[in-house]
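J.: mmCIF, C-alpha atoms and all ligand atoms, saved as protein.cif, coming up:
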data_entry
#
loop_
_atom_site.label_atom_id
_atom_site.label_comp_id
_atom_site.auth_asym_id
_atom_site.auth_seq_id
_atom_site.Cartn_x
_atom_site.Cartn_y
_atom_site.Cartn_z
CA MET A 1 209.65 125.67 172.63
CA VAL A 2 207.99 123.45 170.01
CA ASN A 3 209.00 123.53 166.35
CA VAL A 4 206.12 122.23 164.19
CA ILE A 5 207.43 120.94 160.87
CA GLY A 6 204.89 121.02 158.01
CA LEU A 7 202.14 123.66 158.11
CA GLY A 8 199.44 121.92 156.10
CA TYR A 9 195.95 120.78 157.09
CA ILE A 10 197.18 119.21 160.35
CA GLY A 11 200.39 121.03 161.23
CA LEU A 12 198.93 124.52 161.02
CA PRO A 13 195.91 124.01 163.32
CA THR A 14 198.08 122.05 165.76
CA ALA A 15 200.72 124.78 165.87
CA LEU A 16 198.05 127.48 166.30
CA MET A 17 196.27 125.55 169.02
CA MET A 18 199.45 125.01 171.05
CA ALA A 19 200.53 128.62 170.61
CA SER A 20 197.17 129.97 171.70
CA HIS A 21 197.38 127.81 174.84
CA GLY A 22 200.64 129.25 176.10
CA VAL A 23 203.23 127.04 174.37
CA GLU A 24 206.04 128.85 172.57
CA VAL A 25 205.72 127.66 168.95
CA VAL A 26 207.61 128.17 165.71
CA GLY A 27 206.04 126.72 162.55
CA THR A 28 208.36 125.60 159.76
CA ASP A 29 207.50 124.76 156.17
CA TYR A 30 209.75 124.42 153.12
CA ASN A 31 207.09 126.15 150.98
CA LYS A 32 208.22 129.80 150.90
CA GLU A 33 204.90 131.06 149.52
CA LEU A 34 202.93 129.37 152.28
CA VAL A 35 205.20 130.84 154.96
CA ALA A 36 204.94 134.29 153.32
CA THR A 37 201.13 134.05 153.33
CA LEU A 38 201.09 133.15 157.04
CA ASN A 39 203.57 135.92 157.82
CA ALA A 40 201.30 138.32 155.92
CA GLY A 41 198.58 137.47 158.46
CA LYS A 42 196.49 135.15 156.28
CA THR A 43 195.52 131.50 156.74
CA THR A 44 196.09 129.10 153.85
CA PHE A 45 192.81 127.13 153.87
CA LYS A 46 189.26 127.49 155.12
CA GLU A 47 188.11 125.77 158.28
CA ASP A 48 185.55 126.74 160.92
CA GLY A 49 187.24 128.71 163.71
CA LEU A 50 190.70 128.64 162.08
CA ASP A 51 190.96 132.39 161.46
CA GLU A 52 190.04 133.17 165.07
CA LEU A 53 192.59 130.63 166.29
CA PHE A 54 195.18 132.19 163.98
CA GLU A 55 194.56 135.63 165.48
CA LYS A 56 194.98 134.26 169.01
CA ALA A 57 198.19 132.43 168.09
CA LEU A 58 199.63 135.56 166.48
CA LYS A 59 198.90 137.52 169.64
CA SER A 60 200.65 134.78 171.63
CA GLY A 61 203.75 135.24 169.46
CA ILE A 62 203.74 132.26 167.05
CA LYS A 63 206.40 132.57 164.33
CA PHE A 64 206.55 131.05 160.82
CA THR A 65 209.75 130.31 158.94
CA THR A 66 211.32 128.05 156.31
CA GLU A 67 214.18 127.24 158.71
CA TYR A 68 214.41 124.42 161.24
CA CYS A 69 214.87 125.74 164.80
CA VAL A 70 217.19 124.77 167.62
CA THR A 71 214.84 123.46 170.29
CA ASP A 72 214.06 120.40 172.42
CA THR A 73 210.75 119.33 170.82
CA TYR A 74 209.77 118.88 167.17
CA ILE A 75 206.35 117.87 165.83
CA VAL A 76 206.45 116.48 162.31
CA SER A 77 203.21 116.69 160.32
CA VAL A 78 204.16 116.21 156.71
CA PRO A 79 202.32 114.16 154.06
CA THR A 80 202.72 110.38 153.88
CA PRO A 81 201.49 109.32 150.44
CA TYR A 82 201.55 105.74 149.16
CA ASP A 83 203.20 104.30 146.12
CA SER A 84 200.32 103.60 143.72
CA PHE A 85 202.00 100.46 142.37
CA SER A 86 203.28 98.70 145.51
CA LYS A 87 200.65 100.34 147.81
CA LYS A 88 203.42 100.77 150.38
CA ILE A 89 203.88 103.98 152.35
CA ASP A 90 206.23 106.59 150.92
CA VAL A 91 208.17 108.07 153.82
CA CYS A 92 210.30 110.53 151.85
CA TYR A 93 208.78 113.65 153.49
CA VAL A 94 209.00 112.25 157.03
CA ASN A 95 212.58 111.16 156.49
CA SER A 96 213.72 114.42 154.99
CA ALA A 97 212.17 116.30 157.94
CA VAL A 98 213.96 113.99 160.40
CA LYS A 99 217.27 114.47 158.53
CA GLU A 100 216.89 118.26 158.75
CA ILE A 101 215.96 118.13 162.45
CA ILE A 102 219.00 116.07 163.45
CA LYS A 103 221.26 118.58 161.70
CA VAL A 104 220.23 121.30 164.16
CA CYS A 105 218.68 119.77 167.29
CA PRO A 106 220.48 119.66 170.64
CA LYS A 107 221.28 116.39 172.43
CA GLY A 108 218.22 114.91 174.16
CA ALA A 109 215.64 116.51 171.83
CA THR A 110 212.38 114.69 171.07
CA ILE A 111 210.93 114.16 167.60
CA VAL A 112 207.16 113.61 167.59
CA ILE A 113 205.81 112.16 164.34
CA GLU A 114 202.16 113.20 163.89
CA SER A 115 201.90 112.12 160.24
CA THR A 116 199.98 108.90 159.70
CA VAL A 117 202.40 106.00 159.21
CA SER A 118 201.83 102.27 158.81
CA PRO A 119 202.79 99.94 161.69
CA GLY A 120 206.54 99.43 161.83
CA THR A 121 207.38 102.50 159.72
CA ILE A 122 209.26 104.26 162.50
CA ASP A 123 211.29 101.09 163.22
CA LYS A 124 211.93 100.36 159.55
CA TYR A 125 212.58 103.81 158.11
CA VAL A 126 212.95 106.53 160.76
CA ARG A 127 215.24 104.87 163.32
CA PRO A 128 217.87 103.93 160.68
CA VAL A 129 218.08 107.58 159.53
CA ILE A 130 218.91 108.66 163.07
CA GLU A 131 221.27 105.78 163.74
CA LYS A 132 223.12 106.34 160.46
CA ALA A 133 223.87 109.86 161.67
CA GLY A 134 225.68 108.27 164.64
CA LEU A 135 223.01 109.23 167.19
CA ILE A 136 221.69 106.94 169.91
CA ILE A 137 217.88 106.80 170.21
CA GLY A 138 216.80 107.22 173.81
CA LYS A 139 219.95 109.17 174.64
CA ASP A 140 220.76 111.67 171.89
CA ILE A 141 217.25 111.72 170.38
CA ASN A 142 213.85 110.53 171.63
CA LEU A 143 211.11 109.30 169.36
CA VAL A 144 207.35 109.64 169.82
CA HIS A 145 204.37 108.96 167.56
CA ALA A 146 201.27 111.08 168.25
CA PRO A 147 198.92 110.46 165.32
CA GLU A 148 196.45 113.20 164.52
CA ARG A 149 192.74 112.37 164.57
CA ILE A 150 190.94 115.56 163.54
CA ILE A 151 188.32 115.56 160.80
CA PRO A 152 188.42 118.27 158.11
CA GLY A 153 185.27 120.35 158.47
CA ASN A 154 185.40 120.20 162.28
CA MET A 155 189.13 120.38 162.98
CA VAL A 156 189.25 123.08 165.62
CA TYR A 157 186.50 121.48 167.73
CA GLU A 158 188.04 118.01 167.38
CA LEU A 159 191.53 119.24 168.26
CA LEU A 160 190.11 120.46 171.54
CA HIS A 161 187.85 117.51 172.33
CA ASN A 162 189.11 114.26 170.74
CA ASN A 163 190.93 111.65 172.79
CA ARG A 164 194.51 111.17 171.62
CA THR A 165 197.14 108.43 171.43
CA ILE A 166 200.81 108.88 172.22
CA GLY A 167 203.27 106.13 171.38
CA ALA A 168 206.68 106.40 173.01
CA ASP A 169 209.74 104.19 173.63
CA ASP A 170 210.08 105.70 177.08
CA ARG A 171 207.08 106.37 179.36
CA GLU A 172 208.72 109.48 180.88
CA ILE A 173 209.21 111.03 177.44
CA GLY A 174 205.60 110.08 176.61
CA GLU A 175 204.42 111.93 179.73
CA LYS A 176 206.47 115.01 178.80
CA ILE A 177 204.92 115.16 175.31
CA LYS A 178 201.49 114.47 176.79
CA GLU A 179 201.85 117.73 178.76
CA TYR A 180 202.20 119.73 175.52
CA TYR A 181 199.02 118.18 174.10
CA ALA A 182 197.21 118.47 177.43
CA SER A 183 197.77 122.25 177.24
CA PHE A 184 194.72 122.33 174.92
CA CYS A 185 193.28 118.81 174.56
CA GLN A 186 190.27 118.17 176.80
CA GLY A 187 190.02 114.50 175.77
CA GLU A 188 191.79 111.53 177.33
CA ILE A 189 195.41 111.06 176.22
CA ILE A 190 196.57 107.47 176.34
CA ILE A 191 200.25 106.48 176.30
CA THR A 192 201.32 103.27 174.57
CA ASP A 193 204.26 102.03 172.50
CA ILE A 194 205.10 103.43 169.07
CA LYS A 195 204.05 100.46 166.90
CA THR A 196 200.68 100.21 168.67
CA ALA A 197 200.08 103.93 168.10
CA GLU A 198 200.99 103.54 164.42
CA MET A 199 198.57 100.64 164.01
CA THR A 200 195.66 102.29 165.85
CA LYS A 201 195.69 105.29 163.54
CA VAL A 202 195.66 103.20 160.35
CA VAL A 203 193.02 100.87 161.82
CA GLU A 204 190.69 103.77 162.67
CA ASN A 205 190.69 105.03 159.09
CA THR A 206 190.48 101.50 157.69
CA PHE A 207 187.44 100.78 159.85
CA ARG A 208 185.71 103.81 158.35
CA ALA A 209 186.74 102.86 154.79
CA VAL A 210 185.38 99.32 155.19
CA ASN A 211 182.12 100.60 156.69
CA ILE A 212 181.65 103.06 153.79
CA ALA A 213 182.45 100.26 151.31
CA PHE A 214 179.75 98.13 152.94
CA ALA A 215 177.25 100.96 152.51
CA ASN A 216 178.34 101.40 148.87
CA GLU A 217 177.94 97.68 148.21
CA LEU A 218 174.45 97.81 149.73
CA ALA A 219 173.64 100.73 147.40
CA LYS A 220 174.60 98.57 144.42
CA ILE A 221 172.56 95.61 145.65
CA CYS A 222 169.55 97.85 146.23
CA ARG A 223 169.90 99.47 142.79
CA ASN A 224 170.01 96.04 141.23
CA ASP A 225 166.75 94.94 142.83
CA ASN A 226 164.94 98.26 143.21
CA MET A 227 165.15 98.69 146.98
CA ASN A 228 165.65 101.95 148.88
CA VAL A 229 169.13 101.76 150.43
CA TYR A 230 168.62 104.83 152.62
CA GLU A 231 165.42 103.50 154.16
CA ILE A 232 167.11 100.14 154.73
CA ILE A 233 170.20 101.67 156.40
CA LYS A 234 168.01 103.96 158.50
CA ILE A 235 166.00 101.00 159.85
CA CYS A 236 169.08 98.79 160.36
CA ASN A 237 170.80 101.58 162.30
CA MET A 238 167.90 101.58 164.75
CA HIS A 239 169.25 98.21 165.94
CA PRO A 240 171.38 98.89 169.04
CA ARG A 241 174.50 97.22 167.59
CA VAL A 242 174.34 98.31 163.93
CA ASN A 243 175.86 101.55 162.63
CA ILE A 244 176.22 101.62 158.85
CA LEU A 245 177.68 104.77 157.22
CA ASN A 246 176.30 106.47 154.10
CA PRO A 247 176.81 105.29 150.54
CA GLY A 248 178.22 107.94 148.24
CA PRO A 249 179.86 108.67 144.88
CA GLY A 250 183.24 107.44 146.13
CA VAL A 251 185.82 108.14 148.80
CA GLY A 252 188.31 110.98 148.57
CA GLY A 253 190.67 113.02 150.69
CA HIS A 254 194.13 112.08 151.87
CA CYS A 255 193.19 109.76 154.71
CA ILE A 256 190.36 107.25 154.24
CA SER A 257 191.24 106.74 150.58
CA VAL A 258 194.96 106.32 151.33
CA ASP A 259 195.73 104.82 154.75
CA PRO A 260 194.05 101.40 154.31
CA TRP A 261 196.34 100.81 151.31
CA PHE A 262 199.32 100.86 153.71
CA LEU A 263 198.00 97.66 155.30
CA VAL A 264 197.34 96.10 151.89
CA GLY A 265 200.88 97.03 150.80
CA ASP A 266 202.47 95.54 153.93
CA TYR A 267 200.24 92.49 154.43
CA PRO A 268 198.95 91.60 150.95
CA SER A 269 197.94 88.04 151.79
CA LEU A 270 196.15 89.05 155.00
CA THR A 271 194.03 91.96 153.80
CA LYS A 272 191.23 90.44 151.69
CA VAL A 273 188.39 92.41 153.30
CA ILE A 274 190.32 95.68 153.21
CA TRP A 275 191.45 95.20 149.60
CA GLU A 276 187.94 94.41 148.37
CA SER A 277 186.55 97.36 150.34
CA MET A 278 188.99 99.77 148.73
CA LYS A 279 188.06 98.37 145.31
CA VAL A 280 184.35 98.88 146.03
CA ASN A 281 184.95 102.50 147.08
CA ASP A 282 187.14 103.09 144.03
CA SER A 283 184.42 101.69 141.77
CA MET A 284 181.82 104.28 142.84
CA PRO A 285 182.71 107.15 140.45
CA ALA A 286 182.31 104.74 137.48
CA PHE A 287 179.04 103.53 139.02
CA VAL A 288 177.81 107.15 139.08
CA LEU A 289 178.77 107.49 135.40
CA GLU A 290 176.70 104.39 134.63
CA ARG A 291 173.78 105.89 136.55
CA ILE A 292 174.11 109.11 134.50
CA HIS A 293 174.04 107.05 131.31
CA ASP A 294 170.98 105.03 132.40
CA ILE A 295 169.05 108.11 133.53
CA MET A 296 169.83 109.98 130.29
CA LYS A 297 168.54 106.97 128.35
CA GLU A 298 165.38 106.77 130.44
CA LYS A 299 164.76 110.51 129.93
CA GLY A 300 165.56 110.37 126.21
CA MET A 301 168.38 112.83 126.78
CA THR A 302 171.31 112.72 124.36
CA ASP A 303 173.27 115.94 124.92
CA ILE A 304 175.98 115.24 127.53
CA SER A 305 176.95 118.94 127.55
CA LYS A 306 173.68 119.52 129.42
CA VAL A 307 174.79 117.34 132.34
CA GLY A 308 176.67 119.09 135.18
CA LEU A 309 178.48 117.98 138.32
CA TYR A 310 177.68 119.89 141.49
CA GLY A 311 180.66 119.64 143.86
CA LEU A 312 184.34 118.99 143.15
CA THR A 313 185.79 118.80 146.66
CA TYR A 314 186.34 115.46 148.39
CA LYS A 315 183.50 116.14 150.83
CA GLU A 316 181.06 118.78 152.02
CA ASN A 317 181.97 122.28 153.16
CA VAL A 318 185.75 121.96 152.73
CA ASP A 319 187.96 123.39 149.97
CA ASP A 320 190.18 120.30 149.67
CA TYR A 321 189.74 118.40 146.38
CA ARG A 322 192.55 115.84 146.72
CA GLU A 323 191.44 112.42 145.38
CA SER A 324 187.88 113.74 145.17
CA PRO A 325 185.19 111.40 143.75
CA ALA A 326 184.21 114.12 141.22
CA LEU A 327 187.77 114.33 139.90
CA GLN A 328 187.95 110.50 139.83
CA LEU A 329 184.73 110.50 137.78
CA LEU A 330 186.12 113.09 135.32
CA GLU A 331 189.32 111.02 135.02
CA CYS A 332 187.26 107.93 134.26
CA GLN A 333 185.34 109.86 131.58
CA LYS A 334 188.63 110.99 130.03
CA LYS A 335 189.76 107.37 129.72
CA HIS A 336 186.75 106.82 127.49
CA LEU A 337 187.79 109.86 125.44
CA ALA A 338 184.68 111.74 126.50
CA GLN A 339 184.42 115.50 126.93
CA PRO A 340 184.57 116.35 130.64
CA LEU A 341 181.20 117.25 132.17
CA VAL A 342 180.41 120.83 133.16
CA ALA A 343 181.28 121.29 136.84
CA TYR A 344 180.80 123.78 139.64
CA ASP A 345 181.90 124.00 143.28
CA PRO A 346 181.38 127.01 145.55
CA PHE A 347 184.67 126.33 147.36
CA ILE A 348 186.88 126.16 144.23
CA LYS A 349 187.71 129.54 142.75
CA HIS A 350 190.25 128.45 140.13
CA ASN A 351 190.23 125.97 137.25
CA ILE A 352 190.82 122.36 138.25
CA THR A 353 188.89 120.85 135.34
CA GLU A 354 188.17 121.99 131.79
CA ASN A 355 184.47 122.86 131.82
CA GLN A 356 184.24 124.68 135.11
CA ILE A 357 181.70 127.36 135.99
CA PHE A 358 182.14 129.68 138.98
CA ASP A 359 178.62 130.83 139.72
CA LEU A 360 175.73 128.65 140.94
CA ASP A 361 172.98 130.33 138.89
CA GLU A 362 175.09 130.31 135.75
CA PHE A 363 175.85 126.62 136.32
CA LEU A 364 172.20 125.73 136.85
CA SER A 365 171.02 127.65 133.83
CA SER A 366 173.56 125.91 131.60
CA VAL A 367 172.47 122.33 132.42
CA ASP A 368 169.27 120.23 132.39
CA PHE A 369 170.66 117.38 134.50
CA VAL A 370 172.49 118.04 137.80
CA VAL A 371 174.57 115.34 139.49
CA ILE A 372 175.04 116.18 143.15
CA MET A 373 178.45 114.83 144.10
CA VAL A 374 178.96 116.78 147.34
CA LYS A 375 176.40 117.87 149.94
CA HIS A 376 177.70 121.40 150.51
CA ASN A 377 175.36 123.54 152.66
CA GLU A 378 174.98 125.84 149.64
CA ILE A 379 173.01 123.30 147.60
CA LYS A 380 170.91 122.24 150.58
CA GLU A 381 169.96 125.89 151.12
CA ASN A 382 169.25 126.38 147.38
CA ALA A 383 167.47 123.07 146.74
CA ASP A 384 164.43 124.94 145.34
CA LYS A 385 166.62 126.13 142.42
CA LEU A 386 166.78 122.49 141.25
CA LYS A 387 163.07 122.51 140.37
CA GLY A 388 162.50 121.46 136.77
CA LYS A 389 165.92 119.79 136.53
CA ILE A 390 166.72 116.11 136.35
CA VAL A 391 168.77 115.42 139.48
CA LEU A 392 170.98 112.48 140.41
CA ASP A 393 171.40 112.97 144.15
CA THR A 394 174.33 110.72 145.11
CA GLN A 395 174.31 112.20 148.63
CA ASN A 396 170.63 111.89 149.49
CA ILE A 397 170.28 115.54 150.49
CA GLY A 398 166.48 115.30 150.26
CA ILE A 399 165.19 117.16 147.20
CA ASN A 400 161.50 117.49 146.63
CA SER A 401 160.97 116.88 142.92
CA ASP A 402 159.60 114.27 140.50
CA SER A 403 162.84 113.96 138.62
CA VAL A 404 165.20 112.96 141.42
CA TYR A 405 167.26 109.81 141.08
CA TYR A 406 169.58 108.16 143.60
CA LEU A 407 172.67 105.94 143.50
N1 LIG A 501 182.20 109.32 153.09
C1 LIG A 501 181.20 108.51 152.58
N2 LIG A 501 180.23 108.05 153.45
C2 LIG A 501 180.24 108.38 154.77
C3 LIG A 501 181.28 109.19 155.28
C4 LIG A 501 182.25 109.63 154.42
O1 LIG A 501 181.16 108.19 151.40
O2 LIG A 501 179.33 107.96 155.47
C5 LIG A 501 183.26 109.83 152.20
C6 LIG A 501 183.40 111.35 152.21
O3 LIG A 501 182.47 111.95 151.35
C7 LIG A 501 184.84 111.53 151.78
C8 LIG A 501 185.55 110.32 152.40
O4 LIG A 501 184.51 109.38 152.70
O5 LIG A 501 184.98 111.47 150.38
C9 LIG A 501 186.33 110.61 153.65
O6 LIG A 501 185.65 111.55 154.48
P1 LIG A 501 185.48 111.40 156.05
O7 LIG A 501 184.68 112.55 156.50
O8 LIG A 501 184.97 110.05 156.38
O9 LIG A 501 186.95 111.41 156.62
P2 LIG A 501 188.25 112.35 156.41
O10 LIG A 501 189.13 111.66 155.42
O11 LIG A 501 187.89 113.74 156.16
O12 LIG A 501 188.90 112.26 157.88
C10 LIG A 501 189.27 110.99 158.40
C11 LIG A 501 188.77 110.87 159.86
N3 LIG A 501 188.91 109.48 160.30
C12 LIG A 501 187.92 108.83 160.95
O13 LIG A 501 186.84 109.31 161.16
C13 LIG A 501 188.22 107.46 161.42
C14 LIG A 501 189.55 111.83 160.76
O14 LIG A 501 189.20 111.64 162.13
C15 LIG A 501 191.06 111.61 160.58
O15 LIG A 501 191.82 112.52 161.39
C16 LIG A 501 191.38 111.86 159.14
O16 LIG A 501 190.68 110.88 158.35
C17 LIG A 501 192.89 111.72 158.93
O17 LIG A 501 193.55 112.77 158.79
O18 LIG A 501 193.42 110.61 159.00
#
Write the structure described by the file as structure tokens, please.

T.:
Amino acid sequence: MVNVIGLGYIGLPTALMMASHGVEVVGTDYNKELVATLNAGKTTFKEDGLDELFEKALKSGIKFTTEYCVTDTYIVSVPTPYDSFSKKIDVCYVNSAVKEIIKVCPKGATIVIESTVSPGTIDKYVRPVIEKAGLIIGKDINLVHAPERIIPGNMVYELLHNNRTIGADDREIGEKIKEYYASFCQGEIIITDIKTAEMTKVVENTFRAVNIAFANELAKICRNDNMNVYEIIKICNMHPRVNILNPGPGVGGHCISVDPWFLVGDYPSLTKVIWESMKVNDSMPAFVLERIHDIMKEKGMTDISKVGLYGLTYKENVDDYRESPALQLLECQKKHLAQPLVAYDPFIKHNITENQIFDLDEFLSSVDFVVIMVKHNEIKENADKLKGKIVLDTQNIGINSDSVYYL
């Protein structure tokens, strides 16, 4: 039996996937409300294919509880934030999960950490917790790191198809855990040591962050000298060894905007490129504000209450708004004591900012200038409703109008 600890964006789909492929699974979360919602037969966030997977897992007998179970395998997928001052990883959630597990687990149990952790975290923070409890790693408890790799918006597909990494102290234990993942994963599963697995995960997200920062820097250069960044990236990407990502209004979510900071926190003198990249990405919401200001000036527009943000989530077609560029932009506005812009997002049904509207038509009729922050399918399908508006399209969704501006 597998006890999955933490039923958030990663833990829940992982637990459901294992359960619907014949593994006996109990999901544990300390959030009583979340567990009650799952036990009432409802999922806690939107994701393609998640509800169907949930149904299958329920039929296969998955259970949800706030208690830790007595079993031989635990998968920990809890958040790993970073300290905003030191930039170092904050392992409090991982460590409290490990402390709870060792209170109940039998001798010889395996703890698999799925949460993203910086290289050396398991050595530095997790092993001492186990050793302090008088347990011997490799005998009383086994440790494995199996970092998740699935992208929000396509999680169910990627869980099934992505290659995976398993880091283990002991190859035999690695093979045993590989079997659990192989119950559903059609990709290749590679076994390595724990520190290597930790580093690969952070490097993957850092690679993407640096690539996006490069695209954002190109957008700024092109704005400065009136060149079309999208046309330039499109042509460059036709080169067989060039693959530049898309510029945008900033980087949000709890992965790409967080994980690279772990490396900066741990290796401050060795992370010049990464540090500068993160700064470039962080500068984008303020850059969008500047663009809004310049466009308003060009159009002779003075009433900021007629400018609205389309999209509040961190990216398209998800309901997650953690660290979202739109919220970063509103925060930046607040620092200048400005009234927050009107905002709308089809995925957010409750107030997360002051001037929020909950209907697309109402939003569009209340503003003259629309800033597209997120390329949700909804706005692509309703692009004709933007006719007659001034539009700042930070996502290059392709709007046919005279009054469209870009980053
Ligand atoms: N973004 C851009 N330009 C792009 C692509 C993305 O500005 O060309 C922005 C998005 O709008 C968003 C942010 O970057 O604000 C991050 O979005 P994302 O889609 O790049 O990535 P995440 O954070 O949703 O998921 C990433 C994935 N990592 C990689 O692709 C290397 C995913 O596979 C990981 O599992 C996930 O992080 C994680 O949990 O670590």

J.: Atom CA of A:Cys255 and atom C15 of ligand LIG 501 (chain A), how far apart in Å?

T.: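 We find that atom C15 of ligand LIG 501 (chain A) and atom CA of A:Cys255 lie 6.5 Å from each other.
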
J.: Smallest atom-to-atom distance to ligand LIG 501 (chain A): which of A:Phe54, A:Tyr125, A:Phe214, A:Tyr180, using all atoms listed in the file?

T.: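 Among the listed residues, A:Phe214 lies closest to ligand LIG 501 (chain A).
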
J.: Any idea what the distance is between atom CA of A:Gly138 and atom CA of A:Ile177?

T.: 14.4 Å

J.: Find the residues around A:Ile166 up to 8 Å (only C-alpha atoms counted), leave out those fewer than 6 positions away in its own chain, and share them as a PDB file with C-alpha atoms, in the frame of the given file.

T.:
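Contents of the output file around.pdb:
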ATOM      1  CA  VAL A 144     207.350 109.640 169.820  1.00  0.00           C
ATOM      2  CA  HIS A 145     204.370 108.960 167.560  1.00  0.00           C
ATOM      3  CA  ALA A 146     201.270 111.080 168.250  1.00  0.00           C
ATOM      4  CA  PRO A 147     198.920 110.460 165.320  1.00  0.00           C
ATOM      5  CA  GLY A 174     205.600 110.080 176.610  1.00  0.00           C
ATOM      6  CA  LYS A 178     201.490 114.470 176.790  1.00  0.00           C
ATOM      7  CA  ILE A 189     195.410 111.060 176.220  1.00  0.00           C
ATOM      8  CA  ILE A 190     196.570 107.470 176.340  1.00  0.00           C
ATOM      9  CA  ILE A 191     200.250 106.480 176.300  1.00  0.00           C
ATOM     10  CA  THR A 192     201.320 103.270 174.570  1.00  0.00           C
ATOM     11  CA  ASP A 193     204.260 102.030 172.500  1.00  0.00           C
ATOM     12  CA  ILE A 194     205.100 103.430 169.070  1.00  0.00           C
ATOM     13  CA  ALA A 197     200.080 103.930 168.100  1.00  0.00           C
TER      14      ALA A 197
END

J.: Which one is closest to A:Tyr267: A:Lys139, A:Arg322, A:Lys88, A:Lys132? Count all atoms listed in the file.

T.: A:Lys88

J.: Using only C-alpha atoms, which of the listed residues (A:Val391, A:Leu143, A:Leu135, A:Val318) sits closest to A:Phe45?

T.: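 Using only C-alpha atoms, the shortest distance to A:Phe45 belongs to A:Val318.
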
J.: Distance limit 6 Å, reference ligand LIG 501 (chain A), atoms considered: only C-alpha atoms and all ligand atoms. Which residues make the cut? Give them as a ChimeraX atom specification.

T.: /A:148-152,204-205,208,212,245-248,250-253,255-256,314-315

J.: Do you have, as JSON lines, the list of residues of stretch 94-126 of chain A lying at most 7 Å from stretch 67-75 of chain A, each with its nearest atom pair and that distance in Å to one decimal, counting all atoms listed in the file and ordered by chain then number?

T.:
{"residue": "A:Ile101", "atom": "CA", "partner": "A:Tyr68", "partner_atom": "CA", "distance": 6.6}
{"residue": "A:Val104", "atom": "CA", "partner": "A:Val70", "partner_atom": "CA", "distance": 5.8}
{"residue": "A:Cys105", "atom": "CA", "partner": "A:Val70", "partner_atom": "CA", "distance": 5.2}
{"residue": "A:Pro106", "atom": "CA", "partner": "A:Asp72", "partner_atom": "CA", "distance": 6.7}
{"residue": "A:Ala109", "atom": "CA", "partner": "A:Asp72", "partner_atom": "CA", "distance": 4.2}
{"residue": "A:Thr110", "atom": "CA", "partner": "A:Thr73", "partner_atom": "CA", "distance": 4.9}
{"residue": "A:Ile111", "atom": "CA", "partner": "A:Tyr74", "partner_atom": "CA", "distance": 4.9}
{"residue": "A:Val112", "atom": "CA", "partner": "A:Ile75", "partner_atom": "CA", "distance": 4.7}
{"residue": "A:Ile113", "atom": "CA", "partner": "A:Ile75", "partner_atom": "CA", "distance": 5.9}
{"residue": "A:Glu114", "atom": "CA", "partner": "A:Ile75", "partner_atom": "CA", "distance": 6.6}

J.: Here is a test: counting all atoms listed in the file, which residue of A:Tyr310, A:Tyr181, A:Phe64, A:Tyr93 is nearest to A:Leu34?

T.: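 Using all atoms listed in the file, the shortest distance to A:Leu34 belongs to A:Phe64.
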
J.: Given only C-alpha atoms as the basis, pick out the residue of A:Tyr157, A:Phe358, A:Tyr9, A:Phe85 nearest to A:His254.

T.: A:Tyr9

J.: Build an axis-aligned box that encloses every atom of stretch 361-371 of chain A listed in the file, pad it by 5 Å on each side, and report its centre and edge lengths in Å to one decimal, as lines of an AutoDock Vina configuration file.

T.:
center_x = 172.6
center_y = 122.8
center_z = 135.5
size_x = 16.6
size_y = 25.0
size_z = 17.9

J.: Neighbours of stretch 271-273 of chain A within 10 Å (all atoms listed in the file; same-chain residues fewer than 6 positions away dropped), as a list in words?

T.: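 That gives Val210, Pro260, Trp261, Leu263, Val264, Gly265 and Lys279 of chain A.
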
J.: Using only C-alpha atoms for the distances, tell me which of A:Ser86, A:Thr200, A:Thr165, A:Asn396 is nearest to A:Val229.

T.: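 Between A:Ser86, A:Thr200, A:Thr165, A:Asn396, the residue approaching A:Val229 most closely is A:Asn396.
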
J.: So how far away is atom CA of A:Gln186 from atom CA of A:Val117, in Å?

T.: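 Taking atom CA of A:Val117 as the start and atom CA of A:Gln186 as the end point, the length is 24.6 Å.
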
J.: How close does each residue of stretch 45-152 of chain A get to stretch 16-21 of chain A, giving the shortest atom pair and distance in Å to one decimal for every residue with an atom at most 7 Å away, counting all atoms listed in the file, sorted by chain and residue number, as a Markdown table?

T.:
| residue | atom | partner | partner_atom | distance |
| --- | --- | --- | --- | --- |
| A:Leu53 | CA | A:Leu16 | CA | 6.3 |
| A:Phe54 | CA | A:Leu16 | CA | 6.0 |
| A:Lys56 | CA | A:Ser20 | CA | 5.5 |
| A:Ala57 | CA | A:Ser20 | CA | 4.5 |
| A:Ser60 | CA | A:Ser20 | CA | 5.9 |
| A:Ile62 | CA | A:Ala19 | CA | 6.0 |

J.: Please produce a file of the residues just selected, as a PDB file, in the coordinates of the input, where the atoms kept are C-alpha atoms.

T.:
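Generated file (out.pdb):
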ATOM      1  CA  LEU A  53     192.590 130.630 166.290  1.00  0.00           C
ATOM      2  CA  PHE A  54     195.180 132.190 163.980  1.00  0.00           C
ATOM      3  CA  LYS A  56     194.980 134.260 169.010  1.00  0.00           C
ATOM      4  CA  ALA A  57     198.190 132.430 168.090  1.00  0.00           C
ATOM      5  CA  SER A  60     200.650 134.780 171.630  1.00  0.00           C
ATOM      6  CA  ILE A  62     203.740 132.260 167.050  1.00  0.00           C
TER       7      ILE A  62
END

J.: With all atoms listed in the file as the counted atoms, please give the residues lying no more than 12 Å from stretch 399-402 of chain A, apart from itself and same-chain residues fewer than 3 positions off, as a PyMOL selection string.

T.: chain A and resi 370+372+375+379-396+405-406
